[in-house]
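Student: For reference, the structure I am asking about is given below.
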Amino acid sequence: MTITYSCIANGRAVLAELALTGGSYQEAAATVLKLVLLRAEPKTIIQMGSFVYHTLFIDGITYLCASDNALDTVTPSAFLKNMKYNKNQEDSLISALKSQVTDVKNVMTQNIDKILEREERLNIFTDRTDDLQTTAKESQKTRKILGRIWWKHFKKITVITMAILLSVIIILLSTNVIPT
């Protein structure tokens, strides 16, 4: 029994991998990693093609190896448990990645907050614009109504003034104050 491929992944992101034989393991490994994440079980064995993929899932990190013997489960399990890597480098790499993700998350949160504030201000301006348009329309209607009322009063005042003038002229003519 030979272990032909192994990798360490965080989620679906492969952090390190080694293939001892030629072949395309990345596509099958990506499928296996997806299934491991969906199942979230500590140990998984999946047969794909002529290889058996063994996984160990601990704290979000997946240790994966592919073997060419479906009957032997002891060797891959021992290999996965003893898989060594430089903890200091990985811890610092993961810490750096987590820090970057946190920074990006914070920037995105700030950007979303700014967008929401701008949207709120735009809504206020839109409401004010609508109010101004409504006020302008009402003002035009009011001016038209006031204009009509003014003309009615003007006509009445003109008619009354003309009637008074005619009455005065008639009175003056009848009293012979104004010679004819």
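Residue numbering restarts at 1 for every chain of the structure tokens, chains are lettered A, B, ... in their displayed order, and ligands are numbered from 1 as they appear.
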Extract, using only C-alpha atoms, all DNA, RNA and protein residues at most 12 Å from Asp59 in chain A, discarding same-chain residues fewer than 3 positions from it, and format them as an MDAnalysis selection string.
Tutor: chainID A and resid 9:11 37 40:42 56 62:63
Student: So that I can see what lies close to range 25-32 of chain A, please list as number ranges by chain the residues with an atom at most 8 Å from it, counting only C-alpha atoms and leaving out residues fewer than 2 positions away in the same chain.
Tutor: A: 5, 12, 19, 23, 34-36, 46, 48, 53
Student: Extract, using only C-alpha atoms, all DNA, RNA and protein residues at most 8 Å from Lys43 in chain A, discarding same-chain residues fewer than 3 positions from it, and format them as a PyMOL selection string.
Tutor: chain A and resi 54-57
Student: May I have the residues from that selection written out with N, CA, C and O atoms, as a CSV table (one decimal), in the first residue's frame?
Tutor:
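Writing done, so here's part_15.csv:
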```
chain,number,residue,atom,x,y,z
A,54,HIS,N,-8.4,9.5,2.6
A,54,HIS,CA,-8.6,9.4,4.0
A,54,HIS,C,-8.5,10.8,4.6
A,54,HIS,O,-7.5,11.5,4.2
A,55,THR,N,-9.3,11.3,5.5
A,55,THR,CA,-9.2,12.6,6.0
A,55,THR,C,-9.3,12.6,7.5
A,55,THR,O,-10.0,11.7,8.1
A,56,LEU,N,-8.7,13.6,8.1
A,56,LEU,CA,-8.7,13.8,9.5
A,56,LEU,C,-9.1,15.3,9.7
A,56,LEU,O,-8.3,16.2,9.2
A,57,PHE,N,-10.2,15.6,10.3
A,57,PHE,CA,-10.7,17.0,10.4
A,57,PHE,C,-10.6,17.5,11.8
A,57,PHE,O,-11.3,17.0,12.7
```
Student: Identify, on the basis of only C-alpha atoms, every residue whose closest approach to Leu18 in chain A does not exceed 10 Å; exclude the query and any residue fewer than 5 positions from it along the same chain; express the result as a list in words.
Tutor: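 Surrounding residues, per the criterion: Thr4, Tyr5, Ser6, Cys7, Ile8, Tyr25 and Cys65 of chain A.
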Student: Grab the residues selected above and save them as a compact mmCIF listing (two decimals), in the first residue's frame with N, CA, C and O atoms.
Tutor:
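Below you can see again.txt, which holds the result:
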```
# COMPACT_ATOMS: atom_id res chain seq x y z
N THR A 4 -0.09 8.04 -2.07
CA THR A 4 0.37 8.70 -3.29
C THR A 4 0.20 10.22 -3.25
O THR A 4 0.84 10.94 -4.02
N TYR A 5 -0.63 10.70 -2.37
CA TYR A 5 -0.91 12.14 -2.32
C TYR A 5 -1.30 12.50 -0.90
O TYR A 5 -1.98 11.74 -0.20
N SER A 6 -0.87 13.68 -0.46
CA SER A 6 -1.31 14.17 0.84
C SER A 6 -1.39 15.70 0.78
O SER A 6 -0.69 16.34 -0.02
N CYS A 7 -2.26 16.25 1.61
CA CYS A 7 -2.37 17.71 1.68
C CYS A 7 -2.93 18.13 3.02
O CYS A 7 -3.53 17.32 3.74
N ILE A 8 -2.71 19.38 3.34
CA ILE A 8 -3.28 20.01 4.53
C ILE A 8 -4.09 21.19 4.01
O ILE A 8 -3.59 21.98 3.20
N TYR A 25 -4.46 15.15 -8.78
CA TYR A 25 -5.17 14.90 -7.54
C TYR A 25 -5.98 16.11 -7.09
O TYR A 25 -6.88 15.99 -6.27
N CYS A 65 -5.04 12.30 2.81
CA CYS A 65 -4.06 11.50 2.05
C CYS A 65 -4.83 10.55 1.15
O CYS A 65 -5.96 10.16 1.43
```
Student: Return as a ChimeraX atom specification the full set of residues in range 12-176 of chain A whose backbone-based DSSP assignment is helix (DSSP H, G or I).
Tutor: /A:26-39,74-82,87-174
Student: May I ask for the distance between CA of Ile45 in chain A and CA of Leu97 in chain A, given in Å to one decimal place?
Tutor: 29.2 Å
Student: List every residue of range 19-166 of chain A that DSSP, applied to the backbone of this structure, places in strand (DSSP E), and write the result as a ChimeraX atom specification.
Tutor: /A:19,43-48,51-58,61-67
Student: Can you measure CA of Thr102 in chain A to CA of Val14 in chain A for me? One decimal in Å is fine.
Tutor: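 Going from CA of Thr102 in chain A over to CA of Val14 in chain A covers 20.2 Å.
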Student: Provide the CA of Asp68 in chain A to CA of Phe51 in chain A distance in Å, to one decimal place.
Tutor: 4.9 Å
Student: So, counting only C-alpha atoms, which residue among A:Thr109, A:Ser24, A:Leu15, A:Thr135 is closest to Ile61 in chain A?
Tutor: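 Of the candidates, the smallest distance to Ile61 in chain A is held by A:Leu15.
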